[in-house]
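Novice: My file is protein.cif. It has mmCIF, C-alpha atoms and all ligand atoms:
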```cif
data_upload
loop_
_atom_site.label_atom_id
_atom_site.label_comp_id
_atom_site.auth_asym_id
_atom_site.auth_seq_id
_atom_site.Cartn_x
_atom_site.Cartn_y
_atom_site.Cartn_z
CA MET A 475 -16.78 7.43 12.77
CA ASP A 476 -18.21 10.37 10.87
CA HIS A 477 -19.52 10.34 7.33
CA LYS A 478 -16.64 12.38 6.01
CA GLU A 479 -14.22 9.55 6.83
CA PHE A 480 -16.50 7.15 4.98
CA ASN A 481 -16.32 9.15 1.82
CA MET A 482 -12.52 9.34 1.66
CA SER A 483 -12.04 6.16 -0.24
CA HIS A 484 -9.49 6.94 -2.95
CA LYS A 485 -5.72 7.07 -2.65
CA VAL A 486 -3.82 9.14 -5.19
CA PHE A 487 -0.05 9.17 -5.69
CA VAL A 488 1.16 12.54 -7.01
CA TYR A 489 4.61 12.95 -8.52
CA GLY A 490 4.42 16.31 -10.29
CA THR A 491 2.87 19.73 -9.90
CA LEU A 492 0.37 18.47 -7.32
CA LYS A 493 3.08 17.84 -4.70
CA ARG A 494 3.66 20.21 -1.80
CA ASN A 495 5.44 23.40 -2.83
CA GLU A 496 4.60 22.78 -6.49
CA PRO A 497 2.40 24.98 -8.68
CA ASN A 498 -0.83 22.92 -8.63
CA HIS A 499 -0.75 21.83 -4.99
CA HIS A 500 -3.50 24.34 -4.11
CA TRP A 501 -5.96 22.05 -5.95
CA LEU A 502 -5.52 19.48 -3.18
CA THR A 503 -5.94 21.98 -0.36
CA ASP A 504 -8.86 24.03 -1.70
CA PRO A 505 -11.91 23.06 0.41
CA ASN A 506 -14.16 23.84 -2.56
CA ASN A 507 -12.57 20.84 -4.28
CA GLY A 508 -13.45 18.44 -1.49
CA VAL A 509 -11.06 16.57 0.77
CA GLY A 510 -7.37 15.96 0.12
CA LYS A 511 -5.51 14.53 3.07
CA PHE A 512 -1.76 13.92 3.01
CA ILE A 513 -0.98 10.33 3.99
CA ALA A 514 2.72 9.71 3.37
CA GLU A 515 5.63 10.06 1.03
CA GLY A 516 5.94 7.11 -1.30
CA THR A 517 7.89 5.57 -4.16
CA THR A 518 6.63 3.64 -7.16
CA LYS A 519 7.23 -0.11 -7.00
CA ASN A 520 7.93 -0.08 -10.73
CA LYS A 521 10.38 2.07 -12.64
CA TYR A 522 8.97 4.66 -15.04
CA PRO A 523 10.44 7.54 -17.03
CA LEU A 524 9.52 10.87 -15.42
CA ILE A 525 10.28 13.65 -17.87
CA ILE A 526 9.57 17.32 -18.44
CA ALA A 527 8.21 18.02 -21.92
CA THR A 528 6.34 20.40 -24.22
CA LYS A 529 6.98 24.12 -24.34
CA TYR A 530 5.08 24.47 -21.06
CA ASN A 531 7.55 22.27 -19.16
CA ILE A 532 4.93 19.80 -17.97
CA PRO A 533 5.98 16.76 -15.93
CA PHE A 534 4.89 13.42 -17.39
CA LEU A 535 5.12 9.89 -16.08
CA LEU A 536 5.39 7.79 -19.22
CA PHE A 537 3.67 4.44 -19.05
CA SER A 538 6.76 2.44 -19.94
CA PRO A 539 7.31 0.23 -16.90
CA GLY A 540 10.89 -0.93 -16.36
CA ASN A 541 12.38 2.19 -17.93
CA GLY A 542 13.48 5.23 -15.94
CA HIS A 543 13.48 5.40 -12.17
CA TYR A 544 11.61 4.50 -9.03
CA ILE A 545 9.62 7.71 -8.65
CA LYS A 546 9.27 9.66 -5.45
CA GLY A 547 6.00 11.39 -4.65
CA GLU A 548 3.21 11.86 -2.13
CA VAL A 549 0.12 9.83 -1.33
CA TYR A 550 -3.16 11.62 -0.59
CA GLU A 551 -6.50 10.28 0.46
CA VAL A 552 -9.22 12.08 -1.46
CA ASP A 553 -13.00 11.99 -1.64
CA ASP A 554 -15.14 11.58 -4.74
CA LEU A 555 -15.37 15.31 -5.35
CA MET A 556 -11.60 15.85 -5.16
CA LEU A 557 -10.94 12.91 -7.48
CA SER A 558 -13.34 14.40 -10.01
CA LYS A 559 -11.59 17.78 -9.71
CA LEU A 560 -8.17 16.20 -10.25
CA ASP A 561 -9.53 14.40 -13.30
CA ILE A 562 -10.54 17.79 -14.70
CA LEU A 563 -7.11 19.30 -14.00
CA GLU A 564 -5.32 16.36 -15.60
CA ASP A 565 -7.93 16.02 -18.35
CA HIS A 566 -8.32 12.32 -17.69
CA PRO A 567 -8.75 10.26 -19.87
CA ASP A 568 -7.89 12.50 -22.83
CA PHE A 569 -4.51 13.71 -21.62
CA TYR A 570 -3.28 11.88 -18.54
CA ILE A 571 -4.76 8.46 -17.89
CA ARG A 572 -5.47 7.50 -14.31
CA GLU A 573 -4.41 3.96 -13.40
CA ILE A 574 -4.01 2.01 -10.17
CA ASP A 575 -0.39 1.24 -9.35
CA ASP A 576 1.64 -0.09 -6.41
CA ILE A 577 3.23 2.57 -4.22
CA LEU A 578 5.71 1.71 -1.49
CA VAL A 579 5.33 3.60 1.76
CA LYS A 580 7.56 3.24 4.84
CA LYS A 581 5.72 2.93 8.11
CA GLU A 582 7.61 2.30 11.35
CA ASN A 583 10.46 0.46 9.64
CA GLU A 584 8.10 -1.62 7.55
CA THR A 585 7.36 -1.10 3.90
CA GLN A 586 3.70 -1.16 2.95
CA THR A 587 2.36 -1.41 -0.56
CA LEU A 588 -0.57 0.89 -1.22
CA LYS A 589 -2.74 0.65 -4.33
CA CYS A 590 -3.00 4.25 -5.55
CA TRP A 591 -4.32 6.13 -8.52
CA VAL A 592 -1.53 7.61 -10.65
CA TYR A 593 -1.83 9.94 -13.66
CA PHE A 594 0.19 8.43 -16.53
CA ILE A 595 0.79 9.37 -20.14
CA LYS A 596 0.15 6.36 -22.35
CA ASN A 597 0.03 7.77 -25.85
CA PHE A 598 3.40 9.38 -26.54
CA LYS A 599 5.92 9.52 -29.32
CA PRO A 600 8.78 7.06 -28.73
CA ASP A 601 11.51 9.70 -28.81
CA LEU A 602 10.24 10.98 -25.44
CA LEU A 603 11.86 7.83 -24.00
CA GLN A 604 15.24 9.29 -25.00
CA ARG A 605 14.79 12.33 -22.76
CA ARG A 606 16.62 12.63 -19.50
CA SER A 607 14.36 11.26 -16.80
CA MET A 608 14.36 11.99 -13.10
CA ASP A 609 13.21 10.29 -9.91
CA ASN A 610 11.93 13.34 -8.03
CA TYR A 611 10.23 16.24 -9.79
CA SER A 612 10.29 19.86 -8.79
CA SER A 613 9.23 22.77 -10.95
CA HIS A 614 12.03 24.79 -9.34
CA GLY A 615 14.75 22.18 -9.93
CA ASN A 616 18.14 22.94 -11.42
CA HIS A 617 16.90 21.71 -14.82
CA GLY A 618 15.76 25.32 -15.36
CA LEU A 619 12.40 24.26 -16.82
CA PRO A 620 9.75 25.83 -14.57
CA TYR A 621 6.15 24.71 -15.11
CA MET A 622 3.90 27.01 -17.12
CA GLU A 623 0.14 26.86 -17.15
CA SER A 624 -1.34 25.75 -20.42
CA ASN A 625 -4.42 24.51 -22.11
CA ASN A 626 -3.99 20.72 -22.19
CA GLU A 627 -5.49 20.45 -25.65
CA SER A 628 -2.81 22.62 -27.15
CA THR A 629 -0.12 20.32 -25.80
CA LEU A 630 -1.66 16.98 -26.78
CA GLU A 631 -0.33 17.19 -30.30
CA ASP A 632 3.17 17.89 -29.04
CA LEU A 633 3.06 14.74 -27.00
CA ASN A 634 1.53 12.26 -29.42
CA GLY A 635 3.40 13.49 -32.43
CA ALA A 636 -0.03 13.62 -34.10
N1 LIG B 1 0.14 16.63 -11.85
C1 LIG B 1 -0.06 15.25 -11.52
C2 LIG B 1 0.39 14.52 -12.74
C3 LIG B 1 1.45 15.39 -13.31
C4 LIG B 1 1.18 16.71 -12.71
O1 LIG B 1 1.80 17.70 -12.89
C5 LIG B 1 0.79 14.89 -10.34
O2 LIG B 1 1.37 15.77 -9.70
O3 LIG B 1 0.90 13.69 -10.03
#
```
Represent the structure from my file as structure tokens, please.
Ligand code: PCA

Specialist:
Amino acid sequence: MDHKEFNMSHKVFVYGTLKRNEPNHHWLTDPNNGVGKFIAEGTTKNKYPLIIATKYNIPFLLFSPGNGHYIKGEVYEVDDLMLSKLDILEDHPDFYIREIDDILVKKENETQTLKCWVYFIKNFKPDLLQRRSMDNYSSHGNHGLPYMESNNESTLEDLNGA
């Protein structure tokens, strides 16, 4: 076994712009960011609200377990460098907060539970729970709210109601 394999010790479940064909996916495939290896499609074991919010149409998984939907996404195996790059993109822990959660993955007719890192929003104004939530994000969906790049700081206020 080579050393590269040894280093790939983190699993990350992505549900938003990091998925394939979404606007931030290139972060996971850029070799300068380290290793990001697609493992499987998966679904959260818990329900959460997945919404699009702020004027930049950013997808957010609200940490409100039991509300919303079982969320569909993709599991990647990443190395230390890639995890640190994703933390920069998501501005963890100031914007998104990375937490371990159970992700269900189908493998040869069996369902496995994988412990994965997931980027949640924990500090949000309660009225975001009233928004329409979805189970499968795409920037190009028929919601008509395509993702726009932003400076995370400028959107924090929007989210917290601060
Ligand atoms: N990027 C991360 C969190 C939300 C987002 O747009 C993801 O795809 O999981």

Novice: Could you list, as a VMD selection string, all residues that come within 10 Å of ligand LIG 1 (chain B)? Count all atoms listed in the file.

Specialist: chain A and resid 486 to 494 496 to 499 524 526 531 to 535 547 to 549 560 to 561 563 to 564 570 to 572 591 to 595 611 to 613 621

Novice: For Asn507 of chain A, which residue out of A:Ser558, A:Thr528, A:Thr629, A:Ser483 is the nearest one, using only C-alpha atoms?

Specialist: A:Ser558

Novice: Suppose you want the space between atom CA of Lys580 of chain A and atom CA of Ala514 of chain A; what is it in Å?

Specialist: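 Between atom CA of Lys580 of chain A and atom CA of Ala514 of chain A the gap works out to 8.2 Å.
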
Novice: Box for segment 543-546 of chain A - axis-aligned, 6 Å on each of the six sides, all listed atoms - centre and size in Å to one decimal, as AutoDock Vina command-line options.

Specialist:
```
--center_x 11.4 --center_y 7.1 --center_z -8.8 --size_x 16.2 --size_y 17.2 --size_z 18.7
```

Novice: Just checking: using only C-alpha atoms, which residue out of A:Leu536, A:Ile574, A:Ile562, A:Leu633 ends up closest to Lys596 of chain A?

Specialist: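 When distances to Lys596 of chain A are compared using only C-alpha atoms, the smallest one comes from A:Leu536.
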
Novice: Using all atoms listed in the file, find the one residue out of A:Tyr550, A:Thr587, A:Tyr544, A:Thr517 that sits nearest to Leu502 of chain A.

Specialist: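 So, comparing all the options, the nearest one is A:Tyr550.
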
Novice: Compare A:Asp609, A:Glu623, A:Glu584, A:Asp575 by their minimum atom-to-atom distance to Ile545 of chain A, counting all atoms listed in the file, and give me the closest one.

Specialist: A:Asp609

Novice: Choose the residue, out of A:Gln604, A:Asn541, A:Gly516, A:Asp632, that has the smallest atom-to-atom separation from Phe569 of chain A; count all atoms listed in the file.

Specialist: A:Asp632

Novice: Could you list, as a PDB file with C-alpha atoms, in the coordinates of the input, every residue within 12 Å of Asp504 of chain A, counting all atoms listed in the file and ignoring same-chain residues fewer than 3 positions away?

Specialist:
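Final output, selection-v7.pdb:
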```pdb
ATOM      1  CA  ASN A 498      -0.830  22.920  -8.630  1.00  0.00           C
ATOM      2  CA  HIS A 499      -0.750  21.830  -4.990  1.00  0.00           C
ATOM      3  CA  HIS A 500      -3.500  24.340  -4.110  1.00  0.00           C
ATOM      4  CA  TRP A 501      -5.960  22.050  -5.950  1.00  0.00           C
ATOM      5  CA  ASN A 507     -12.570  20.840  -4.280  1.00  0.00           C
ATOM      6  CA  GLY A 508     -13.450  18.440  -1.490  1.00  0.00           C
ATOM      7  CA  VAL A 509     -11.060  16.570   0.770  1.00  0.00           C
ATOM      8  CA  GLY A 510      -7.370  15.960   0.120  1.00  0.00           C
ATOM      9  CA  LYS A 511      -5.510  14.530   3.070  1.00  0.00           C
ATOM     10  CA  VAL A 552      -9.220  12.080  -1.460  1.00  0.00           C
ATOM     11  CA  LEU A 555     -15.370  15.310  -5.350  1.00  0.00           C
ATOM     12  CA  MET A 556     -11.600  15.850  -5.160  1.00  0.00           C
ATOM     13  CA  LYS A 559     -11.590  17.780  -9.710  1.00  0.00           C
ATOM     14  CA  LEU A 560      -8.170  16.200 -10.250  1.00  0.00           C
TER      15      LEU A 560
END
```

Novice: Quick one: distance from atom CA of Pro620 of chain A to atom CA of Tyr530 of chain A in Å, one decimal?

Specialist: 8.1 Å

Novice: What is the atom CA of Ile577 of chain A-atom CA of Asn610 of chain A distance in Å, reported with one decimal?

Specialist: 14.4 Å

Novice: Counting all atoms listed in the file, which of A:Phe537, A:His566, A:Glu631, A:Cys590 gets nearest to Ile525 of chain A?

Specialist: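 Looking at the shortest contact to Ile525 of chain A, the residue is A:Phe537.
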
Novice: Would you pick out the contacts of Leu588 of chain A at 8 Å or less, using only C-alpha atoms, so that residues sharing its chain but fewer than 6 positions from it are not included, and give the list as a PyMOL selection string?

Specialist: chain A and resi 576-579

Novice: Take segment 604-628 of chain A, bring it up to N, CA and C atoms, and give me the output as a PDB file, keeping the file's coordinate frame.

Specialist:
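After the write, out_36.pdb holds the following:
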```pdb
ATOM      1  N   GLN A 604      13.813   8.931 -24.948  1.00  0.00           N
ATOM      2  CA  GLN A 604      15.240   9.290 -25.000  1.00  0.00           C
ATOM      3  C   GLN A 604      15.570  10.479 -24.097  1.00  0.00           C
ATOM      4  N   ARG A 605      14.541  11.150 -23.611  1.00  0.00           N
ATOM      5  CA  ARG A 605      14.790  12.330 -22.760  1.00  0.00           C
ATOM      6  C   ARG A 605      15.408  11.920 -21.445  1.00  0.00           C
ATOM      7  N   ARG A 606      16.082  12.879 -20.838  1.00  0.00           N
ATOM      8  CA  ARG A 606      16.620  12.630 -19.500  1.00  0.00           C
ATOM      9  C   ARG A 606      15.449  12.499 -18.528  1.00  0.00           C
ATOM     10  N   SER A 607      15.443  11.436 -17.763  1.00  0.00           N
ATOM     11  CA  SER A 607      14.360  11.260 -16.800  1.00  0.00           C
ATOM     12  C   SER A 607      14.894  11.439 -15.391  1.00  0.00           C
ATOM     13  N   MET A 608      13.972  11.678 -14.477  1.00  0.00           N
ATOM     14  CA  MET A 608      14.360  11.990 -13.100  1.00  0.00           C
ATOM     15  C   MET A 608      13.563  11.116 -12.141  1.00  0.00           C
ATOM     16  N   ASP A 609      13.952  11.105 -10.881  1.00  0.00           N
ATOM     17  CA  ASP A 609      13.210  10.290  -9.910  1.00  0.00           C
ATOM     18  C   ASP A 609      12.383  11.141  -8.951  1.00  0.00           C
ATOM     19  N   ASN A 610      12.589  12.468  -9.001  1.00  0.00           N
ATOM     20  CA  ASN A 610      11.930  13.340  -8.030  1.00  0.00           C
ATOM     21  C   ASN A 610      11.741  14.705  -8.673  1.00  0.00           C
ATOM     22  N   TYR A 611      10.505  15.000  -9.064  1.00  0.00           N
ATOM     23  CA  TYR A 611      10.230  16.240  -9.790  1.00  0.00           C
ATOM     24  C   TYR A 611      10.132  17.445  -8.872  1.00  0.00           C
ATOM     25  N   SER A 612      10.670  18.568  -9.331  1.00  0.00           N
ATOM     26  CA  SER A 612      10.290  19.860  -8.790  1.00  0.00           C
ATOM     27  C   SER A 612      10.298  20.876  -9.925  1.00  0.00           C
ATOM     28  N   SER A 613       9.284  21.720  -9.929  1.00  0.00           N
ATOM     29  CA  SER A 613       9.230  22.770 -10.950  1.00  0.00           C
ATOM     30  C   SER A 613      10.427  23.702 -10.843  1.00  0.00           C
ATOM     31  N   HIS A 614      10.946  23.824  -9.611  1.00  0.00           N
ATOM     32  CA  HIS A 614      12.030  24.790  -9.340  1.00  0.00           C
ATOM     33  C   HIS A 614      13.399  24.127  -9.384  1.00  0.00           C
ATOM     34  N   GLY A 615      13.479  22.911  -9.929  1.00  0.00           N
ATOM     35  CA  GLY A 615      14.750  22.180  -9.930  1.00  0.00           C
ATOM     36  C   GLY A 615      15.819  22.850 -10.773  1.00  0.00           C
ATOM     37  N   ASN A 616      17.045  22.307 -10.685  1.00  0.00           N
ATOM     38  CA  ASN A 616      18.140  22.940 -11.420  1.00  0.00           C
ATOM     39  C   ASN A 616      18.126  22.628 -12.919  1.00  0.00           C
ATOM     40  N   HIS A 617      17.084  21.910 -13.381  1.00  0.00           N
ATOM     41  CA  HIS A 617      16.900  21.710 -14.820  1.00  0.00           C
ATOM     42  C   HIS A 617      16.568  23.019 -15.525  1.00  0.00           C
ATOM     43  N   GLY A 618      16.090  24.027 -14.749  1.00  0.00           N
ATOM     44  CA  GLY A 618      15.760  25.320 -15.360  1.00  0.00           C
ATOM     45  C   GLY A 618      14.547  25.287 -16.270  1.00  0.00           C
ATOM     46  N   LEU A 619      13.606  24.370 -15.994  1.00  0.00           N
ATOM     47  CA  LEU A 619      12.400  24.260 -16.820  1.00  0.00           C
ATOM     48  C   LEU A 619      11.153  24.413 -15.956  1.00  0.00           C
ATOM     49  N   PRO A 620      10.897  25.629 -15.449  1.00  0.00           N
ATOM     50  CA  PRO A 620       9.750  25.830 -14.570  1.00  0.00           C
ATOM     51  C   PRO A 620       8.423  25.605 -15.295  1.00  0.00           C
ATOM     52  N   TYR A 621       7.492  25.006 -14.586  1.00  0.00           N
ATOM     53  CA  TYR A 621       6.150  24.710 -15.110  1.00  0.00           C
ATOM     54  C   TYR A 621       5.433  25.988 -15.523  1.00  0.00           C
ATOM     55  N   MET A 622       4.750  25.895 -16.679  1.00  0.00           N
ATOM     56  CA  MET A 622       3.900  27.010 -17.120  1.00  0.00           C
ATOM     57  C   MET A 622       2.502  26.489 -17.337  1.00  0.00           C
ATOM     58  N   GLU A 623       1.522  27.282 -16.953  1.00  0.00           N
ATOM     59  CA  GLU A 623       0.140  26.860 -17.150  1.00  0.00           C
ATOM     60  C   GLU A 623      -0.189  26.849 -18.629  1.00  0.00           C
ATOM     61  N   SER A 624      -0.993  25.877 -19.012  1.00  0.00           N
ATOM     62  CA  SER A 624      -1.340  25.750 -20.420  1.00  0.00           C
ATOM     63  C   SER A 624      -2.731  25.189 -20.547  1.00  0.00           C
ATOM     64  N   ASN A 625      -3.200  25.202 -21.752  1.00  0.00           N
ATOM     65  CA  ASN A 625      -4.420  24.510 -22.110  1.00  0.00           C
ATOM     66  C   ASN A 625      -3.994  23.114 -22.560  1.00  0.00           C
ATOM     67  N   ASN A 626      -4.449  22.082 -21.875  1.00  0.00           N
ATOM     68  CA  ASN A 626      -3.990  20.720 -22.190  1.00  0.00           C
ATOM     69  C   ASN A 626      -4.141  20.367 -23.661  1.00  0.00           C
ATOM     70  N   GLU A 627      -5.240  20.806 -24.256  1.00  0.00           N
ATOM     71  CA  GLU A 627      -5.490  20.450 -25.650  1.00  0.00           C
ATOM     72  C   GLU A 627      -4.357  20.885 -26.559  1.00  0.00           C
ATOM     73  N   SER A 628      -3.841  22.078 -26.264  1.00  0.00           N
ATOM     74  CA  SER A 628      -2.810  22.620 -27.150  1.00  0.00           C
ATOM     75  C   SER A 628      -1.503  21.847 -27.012  1.00  0.00           C
TER      76      SER A 628
END
```
